[in-house]
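Student: The following block contains the structure, expressed as structure tokens.
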Amino acid sequence: MLDLEYSEKLEKVRMSMNALSKSMLRPIARKYDEAEHEYPKELDVFRGLSVMGGKKKKKDGDTDKKKEKVASDTGTNLGTIVTVEEMCWGDVGLLLSIPNAGLGNAAISAVATEEQLEKFGGKWAAMAITEPESGSDSGSICTTAVLDGDEWVLNGEKIFVTCADRCDAVVVWATVDKEAGKAGIKSFVVEKGTPGFKLEHLEHKLGIRASDTGTFVLKDCRIPKENLLGSSEVKKTEGFKGVMKTFDNTRPMVAAMANGVAKAAVDFTREKLEEAGYNLDYSKNPGNLSAVEKDFYWMEAHLDAMRLLTLRAAWMADNEEFNNLEASMSKAKAGRYGTLITQKCCELMGPLGYSREYLAEKWMRDSKILDIFEGTGQIQHLIIARNILNLSSKELK
Amino acid sequence: MINFSMSKQQQMVKKEVAKLVKNIVADNAHDMDESGQIPADAIDKAWGLGASISMVPEEYGGYGMADSPLETALVLEELAFGDMAFAVAVTAPSLFITPVAKMGTEDQKKKYLPLFCKEAYAACTMALNEPRFGFDAVDLKTTAEKKGGAYVLNGEKCFVPMGAKASHMLVAASLDGKSQLFIVDTKNPGVKMGDREKTLGMYALEMNRVVFENCEVPAEDRLGGEEGCDFDAFLQRSRVGMAAMAAGVTNASYQFAREYAKTRVQFGEPIAYRQSVAFMLAEMAYEVDSIRLMAWKAASALEAGKDAKREAYLAKMYAGEMAMKMCDYGVQLMGGHGYIREYPVERYYRNARGFANLEAMATI
């Protein structure tokens, strides 16, 4: 039956992650915001903790999928979004910098063969999709992969790669047949140190400065044939669609990141309001609240909404329900309102919200990216709209 | 434990109400709004669902079922999806029955519940809203003063659902600075039943002004007796109820606008093919879900026996803002046709404003 209360177990996860975040991430949040690109060595303790990884999806032949459906709230996705939210309450950039928890790790977990999992599972893997001319339109990427004997030869340029500097390997999207469009896109594992694979530069960003974002150039970069991620057969059904499906799982996680940083802003605002003598008692008619109180409740209400949509998407993933629509809804709402909430916090804080002495200004800078990467808010709205209107990408552009 | 799937019971209840609403309201909502009348047999049929009396113990005339805020939320949403005026009319008795059942003294329950926990609909209600700028449920200007063996009520109430038809009502008044509830017989000489309200929305719903002029209420009719009642507990449940209704109204607007956008052809193709239109609908889709989930979150806490003051407050506040905004989109998406009363979206727009402005139109 319907229930939106956390189980004791899930609440314990949340509390322990919050404690971890408070003790480990908050104290160094400003340090790595200022020391952009410096490796956060304090995070080495997290090596081995699977955050973005997620459970490996079993292949089609598996029979245990449709066993007796027992509802649960301690599945991987729910546990992950609760964890991610608390970690981002600490610091978004540092969460993205956790060793061995790159987006490439998620891809490997999702589609790797047993051999690939053995070879690459333990490495820190970044994901390289975006190119100078291919952002939202990831189906238009131009990095090529040509089979030459026992090797793939990759050529192209990848930008905005998270963990570009710190990773051991990069999952690179390339096309084996430009004429085939999306069906020709596959992902390849390129290890650092491979000749022809160069980290060109790291970006200076508005926020999440603790996270290393970089550009790779691939020039006649040769990798073993076995590095084509997933089955070596060039199946038309896998590849692009398969990796897009990982986004159904990562989208709620990005929403959870937005929820975390927004919660940080809400908690800070509450603290300051209470210090200033406001009694936030959730009872006065909203028409009788001061502007500040009303704005604060507005922040809280939208934060609750974001978190509920995210919870739903993650729960559905854990309970084997197709959640493409709900995942996009959660990111659409959280991405946009997370940004507005952090902006509102700075606004309400007056001069304090503009000063680097407090973390509020950093949260405002950090939250912005969450409405942009892994599918912009506009793309999310497009996905939602096509779904609810039953329109194809040709009909609704 | 987090669970987004309904139990069989919950699914069944939702289905039942939806079916009934489809049969008796869908085609009549427009006429009810235009005529300002709800057919009595429609109210009777919906009353037959038992939503207002199911949780009242059998000894007082109820069904003796477990109190389920979540189930009631489902019912309220489905009723409001059909028509908000109808939903309020049918469930107005809950505004009296539920607080008495939950917070009344044994004598009060024995005396009053059987009057309304019957097969036939008998109107009873609550008088809470006040016609003044700065109205606040926790800072009422209707006062109650203890005088001998009675409380004397003075003040003016507005938007009392089914006021003129009700034989009894709970009146919210400030006693020593705190909001309290009093059981009042509408035949009490101190009750001056006023005119039917002329409103922005819910035209079909009868609501009245009521003036209390030195209205003497026996002390034993103060809800909860000498100790009074936990007014806050009522307010929480009422706010959740309204948030649940808001989900229904907003969903109705969304569904109608979506169908229109898919079929309305301009510039050679359905307007749904245009991003500006599609994006508004996308937003409506997730905001309907958000309004609903906020109501469910509060209902869930109540279901677990927890206090839901914060959640209920935020749920109603959220519904107040977003139901209005989304029902506004609903009108906008229909262009000129959205402005015409032949189509329901303008009614949803008028009804949606009530969620922010009014209190105690419904309760869990």
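Naming works like this for the structure tokens: A, B, ... for the chains as they're shown, residue 1 at the start of each chain, ligands 1 onward in shown order.
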Taking only C-alpha atoms into account, which residues of chain B are within 8 Å of chain A, as a PDB file with N, CA and C atoms, in the first residue's frame?

Tutor:
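What follows is the written file out.pdb:
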```
ATOM      1  N   MET B   1       7.735   2.168   5.188  1.00  0.00           N
ATOM      2  CA  MET B   1       8.622   1.811   4.090  1.00  0.00           C
ATOM      3  C   MET B   1       8.093   2.428   2.800  1.00  0.00           C
ATOM      4  N   ILE B   2       8.993   3.086   2.080  1.00  0.00           N
ATOM      5  CA  ILE B   2       8.575   3.755   0.840  1.00  0.00           C
ATOM      6  C   ILE B   2       7.893   2.770  -0.101  1.00  0.00           C
ATOM      7  N   ASN B   3       6.733   3.135  -0.563  1.00  0.00           N
ATOM      8  CA  ASN B   3       5.993   2.278  -1.485  1.00  0.00           C
ATOM      9  C   ASN B   3       5.052   3.125  -2.312  1.00  0.00           C
ATOM     10  N   PHE B   4       5.265   3.119  -3.622  1.00  0.00           N
ATOM     11  CA  PHE B   4       4.424   3.915  -4.500  1.00  0.00           C
ATOM     12  C   PHE B   4       3.322   3.105  -5.161  1.00  0.00           C
ATOM     13  N   SER B   5       3.183   1.837  -4.763  1.00  0.00           N
ATOM     14  CA  SER B   5       2.111   1.074  -5.383  1.00  0.00           C
ATOM     15  C   SER B   5       0.940   0.957  -4.417  1.00  0.00           C
ATOM     16  N   MET B   6      -0.241   1.106  -4.975  1.00  0.00           N
ATOM     17  CA  MET B   6      -1.442   1.053  -4.134  1.00  0.00           C
ATOM     18  C   MET B   6      -1.773  -0.377  -3.761  1.00  0.00           C
ATOM     19  N   SER B   7      -2.387  -0.524  -2.593  1.00  0.00           N
ATOM     20  CA  SER B   7      -2.872  -1.844  -2.207  1.00  0.00           C
ATOM     21  C   SER B   7      -4.124  -2.127  -3.033  1.00  0.00           C
ATOM     22  N   LYS B   8      -4.569  -3.367  -3.007  1.00  0.00           N
ATOM     23  CA  LYS B   8      -5.768  -3.730  -3.765  1.00  0.00           C
ATOM     24  C   LYS B   8      -6.950  -2.898  -3.300  1.00  0.00           C
ATOM     25  N   GLN B  10      -6.903   0.087  -1.940  1.00  0.00           N
ATOM     26  CA  GLN B  10      -6.766   1.461  -2.410  1.00  0.00           C
ATOM     27  C   GLN B  10      -7.122   1.578  -3.889  1.00  0.00           C
ATOM     28  N   LEU B  70      -4.739   8.149   3.687  1.00  0.00           N
ATOM     29  CA  LEU B  70      -4.351   7.953   2.288  1.00  0.00           C
ATOM     30  C   LEU B  70      -5.552   7.585   1.434  1.00  0.00           C
ATOM     31  N   GLY B 134      -6.501  39.487   6.112  1.00  0.00           N
ATOM     32  CA  GLY B 134      -5.637  38.973   7.169  1.00  0.00           C
ATOM     33  C   GLY B 134      -6.249  37.803   7.912  1.00  0.00           C
ATOM     34  N   PHE B 135      -7.320  37.222   7.339  1.00  0.00           N
ATOM     35  CA  PHE B 135      -7.937  36.055   7.978  1.00  0.00           C
ATOM     36  C   PHE B 135      -6.873  34.994   8.259  1.00  0.00           C
ATOM     37  N   ASP B 136      -6.963  34.393   9.431  1.00  0.00           N
ATOM     38  CA  ASP B 136      -5.989  33.372   9.791  1.00  0.00           C
ATOM     39  C   ASP B 136      -6.666  32.348  10.698  1.00  0.00           C
ATOM     40  N   ALA B 137      -6.563  31.090  10.326  1.00  0.00           N
ATOM     41  CA  ALA B 137      -7.204  30.025  11.100  1.00  0.00           C
ATOM     42  C   ALA B 137      -6.659  29.936  12.520  1.00  0.00           C
ATOM     43  N   VAL B 138      -5.433  30.406  12.727  1.00  0.00           N
ATOM     44  CA  VAL B 138      -4.862  30.341  14.070  1.00  0.00           C
ATOM     45  C   VAL B 138      -4.928  31.691  14.780  1.00  0.00           C
ATOM     46  N   ARG B 258      -4.476  18.660 -22.587  1.00  0.00           N
ATOM     47  CA  ARG B 258      -3.626  17.749 -23.356  1.00  0.00           C
ATOM     48  C   ARG B 258      -4.377  17.197 -24.564  1.00  0.00           C
ATOM     49  N   LYS B 262      -3.544  17.904 -28.672  1.00  0.00           N
ATOM     50  CA  LYS B 262      -3.242  16.827 -29.609  1.00  0.00           C
ATOM     51  C   LYS B 262      -4.106  16.897 -30.867  1.00  0.00           C
ATOM     52  N   ALA B 272       0.223  20.633 -30.318  1.00  0.00           N
ATOM     53  CA  ALA B 272       1.086  19.856 -29.428  1.00  0.00           C
ATOM     54  C   ALA B 272       2.483  19.666 -30.005  1.00  0.00           C
ATOM     55  N   TYR B 273       2.630  19.856 -31.317  1.00  0.00           N
ATOM     56  CA  TYR B 273       3.940  19.702 -31.946  1.00  0.00           C
ATOM     57  C   TYR B 273       4.849  20.897 -31.655  1.00  0.00           C
ATOM     58  N   ARG B 274       4.287  21.947 -31.062  1.00  0.00           N
ATOM     59  CA  ARG B 274       5.106  23.143 -30.793  1.00  0.00           C
ATOM     60  C   ARG B 274       5.648  23.066 -29.379  1.00  0.00           C
ATOM     61  N   GLN B 275       6.937  23.344 -29.247  1.00  0.00           N
ATOM     62  CA  GLN B 275       7.594  23.274 -27.935  1.00  0.00           C
ATOM     63  C   GLN B 275       6.924  24.107 -26.865  1.00  0.00           C
ATOM     64  N   ALA B 278       3.982  22.120 -25.837  1.00  0.00           N
ATOM     65  CA  ALA B 278       4.399  20.836 -25.268  1.00  0.00           C
ATOM     66  C   ALA B 278       5.055  21.011 -23.908  1.00  0.00           C
ATOM     67  N   PHE B 279       5.863  22.042 -23.771  1.00  0.00           N
ATOM     68  CA  PHE B 279       6.566  22.260 -22.506  1.00  0.00           C
ATOM     69  C   PHE B 279       5.601  22.647 -21.394  1.00  0.00           C
ATOM     70  N   LEU B 281       2.575  21.612 -21.174  1.00  0.00           N
ATOM     71  CA  LEU B 281       1.911  20.366 -20.792  1.00  0.00           C
ATOM     72  C   LEU B 281       2.833  19.474 -19.973  1.00  0.00           C
ATOM     73  N   ALA B 282       4.129  19.452 -20.322  1.00  0.00           N
ATOM     74  CA  ALA B 282       5.090  18.653 -19.565  1.00  0.00           C
ATOM     75  C   ALA B 282       5.123  19.139 -18.118  1.00  0.00           C
ATOM     76  N   GLU B 283       5.149  20.455 -17.973  1.00  0.00           N
ATOM     77  CA  GLU B 283       5.186  21.035 -16.635  1.00  0.00           C
ATOM     78  C   GLU B 283       3.910  20.687 -15.876  1.00  0.00           C
ATOM     79  N   ALA B 285       2.107  18.099 -16.268  1.00  0.00           N
ATOM     80  CA  ALA B 285       2.179  16.679 -15.903  1.00  0.00           C
ATOM     81  C   ALA B 285       2.938  16.467 -14.604  1.00  0.00           C
ATOM     82  N   TYR B 286       4.114  17.045 -14.484  1.00  0.00           N
ATOM     83  CA  TYR B 286       4.851  16.763 -13.252  1.00  0.00           C
ATOM     84  C   TYR B 286       4.381  17.591 -12.070  1.00  0.00           C
ATOM     85  N   ASP B 289       1.540  15.615 -10.526  1.00  0.00           N
ATOM     86  CA  ASP B 289       2.144  14.554  -9.716  1.00  0.00           C
ATOM     87  C   ASP B 289       2.724  15.110  -8.419  1.00  0.00           C
ATOM     88  N   SER B 290       3.374  16.262  -8.503  1.00  0.00           N
ATOM     89  CA  SER B 290       3.978  16.858  -7.307  1.00  0.00           C
ATOM     90  C   SER B 290       2.921  17.241  -6.283  1.00  0.00           C
ATOM     91  N   ILE B 291       1.832  17.870  -6.743  1.00  0.00           N
ATOM     92  CA  ILE B 291       0.762  18.268  -5.818  1.00  0.00           C
ATOM     93  C   ILE B 291       0.229  17.028  -5.117  1.00  0.00           C
ATOM     94  N   LEU B 293       1.738  14.041  -4.732  1.00  0.00           N
ATOM     95  CA  LEU B 293       2.717  13.412  -3.844  1.00  0.00           C
ATOM     96  C   LEU B 293       2.891  14.200  -2.544  1.00  0.00           C
ATOM     97  N   MET B 294       2.783  15.513  -2.609  1.00  0.00           N
ATOM     98  CA  MET B 294       2.875  16.327  -1.387  1.00  0.00           C
ATOM     99  C   MET B 294       1.705  15.991  -0.468  1.00  0.00           C
ATOM    100  N   TRP B 296       0.041  13.171  -0.480  1.00  0.00           N
ATOM    101  CA  TRP B 296       0.258  11.803  -0.023  1.00  0.00           C
ATOM    102  C   TRP B 296       1.314  11.724   1.078  1.00  0.00           C
ATOM    103  N   LYS B 297       2.323  12.562   0.968  1.00  0.00           N
ATOM    104  CA  LYS B 297       3.381  12.538   1.980  1.00  0.00           C
ATOM    105  C   LYS B 297       2.796  12.891   3.344  1.00  0.00           C
ATOM    106  N   SER B 300       0.474  10.168   4.444  1.00  0.00           N
ATOM    107  CA  SER B 300       1.273   9.018   4.847  1.00  0.00           C
ATOM    108  C   SER B 300       1.745   9.150   6.291  1.00  0.00           C
ATOM    109  N   ALA B 301       2.171  10.344   6.648  1.00  0.00           N
ATOM    110  CA  ALA B 301       2.622  10.579   8.017  1.00  0.00           C
ATOM    111  C   ALA B 301       1.450  10.404   8.980  1.00  0.00           C
ATOM    112  N   LYS B 309       2.094  18.396  10.748  1.00  0.00           N
ATOM    113  CA  LYS B 309       1.846  19.841  10.670  1.00  0.00           C
ATOM    114  C   LYS B 309       2.645  20.485   9.537  1.00  0.00           C
ATOM    115  N   ARG B 310       3.938  20.195   9.503  1.00  0.00           N
ATOM    116  CA  ARG B 310       4.795  20.797   8.485  1.00  0.00           C
ATOM    117  C   ARG B 310       4.374  20.335   7.095  1.00  0.00           C
ATOM    118  N   TYR B 313       0.950  21.743   5.985  1.00  0.00           N
ATOM    119  CA  TYR B 313       1.054  23.170   5.698  1.00  0.00           C
ATOM    120  C   TYR B 313       1.690  23.385   4.333  1.00  0.00           C
ATOM    121  N   LEU B 314       2.817  22.701   4.101  1.00  0.00           N
ATOM    122  CA  LEU B 314       3.528  22.853   2.837  1.00  0.00           C
ATOM    123  C   LEU B 314       2.722  22.286   1.671  1.00  0.00           C
ATOM    124  N   ALA B 315       2.007  21.183   1.920  1.00  0.00           N
ATOM    125  CA  ALA B 315       1.199  20.581   0.851  1.00  0.00           C
ATOM    126  C   ALA B 315       0.114  21.547   0.394  1.00  0.00           C
ATOM    127  N   MET B 317       0.100  24.832   0.825  1.00  0.00           N
ATOM    128  CA  MET B 317       0.748  26.015   0.262  1.00  0.00           C
ATOM    129  C   MET B 317       1.180  25.735  -1.185  1.00  0.00           C
ATOM    130  N   TYR B 318       1.754  24.545  -1.378  1.00  0.00           N
ATOM    131  CA  TYR B 318       2.216  24.149  -2.705  1.00  0.00           C
ATOM    132  C   TYR B 318       1.034  24.039  -3.655  1.00  0.00           C
TER     133      TYR B 318
END
```

Student: Can you tell me which residues surround B:Glu227 at a distance of at most 12 Å, considering only C-alpha atoms, apart from same-chain residues fewer than 5 positions away, and format the answer as a list in words?

Tutor: Met103, Gly104, Thr105, Leu175, Gln180, Leu181, Ala219, Glu220, Asp221 and Arg222 of chain B

Student: May I ask which of the residues B:Ile364, B:Ala261, B:Leu170, B:Val277 is the closest one to B:His337, counting only C-alpha atoms?

Tutor: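 Result for the nearest residue to B:His337: B:Ala261.
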
Student: Where does DSSP see alpha helix (DSSP H) in stretch 151-321 of chain B, if you list the residues as a PyMOL selection string?

Tutor: chain B and resi 231-263+275-303+309-321

Student: Tell me which protein, DNA and RNA residues are within 6 Å of stretch 212-216 of chain B, counting only C-alpha atoms, leaving out same-chain ones fewer than 2 positions away, and put them as a tab-separated table (two decimals) with N, CA and C atoms, in the first residue's frame.

Tutor:
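out_0.tsv, written as the output of this step:
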```
chain	number	residue	atom	x	y	z
B	151	TYR	N	-20.70	29.02	26.50
B	151	TYR	CA	-19.74	29.85	25.78
B	151	TYR	C	-20.56	30.77	24.88
B	152	VAL	N	-20.17	32.02	24.85
B	152	VAL	CA	-20.90	32.96	24.00
B	152	VAL	C	-20.04	33.30	22.79
B	153	LEU	N	-20.59	33.00	21.63
B	153	LEU	CA	-19.84	33.23	20.38
B	153	LEU	C	-20.29	34.52	19.72
B	154	ASN	N	-19.30	35.27	19.25
B	154	ASN	CA	-19.57	36.49	18.50
B	154	ASN	C	-18.61	36.58	17.33
B	155	GLY	N	-19.20	36.89	16.18
B	155	GLY	CA	-18.32	37.05	15.02
B	155	GLY	C	-19.04	36.74	13.73
B	190	GLY	N	-28.89	32.62	18.40
B	190	GLY	CA	-27.72	33.46	18.16
B	190	GLY	C	-27.08	33.25	16.80
B	191	VAL	N	-27.62	32.32	16.03
B	191	VAL	CA	-27.09	32.06	14.69
B	191	VAL	C	-27.91	32.81	13.66
```
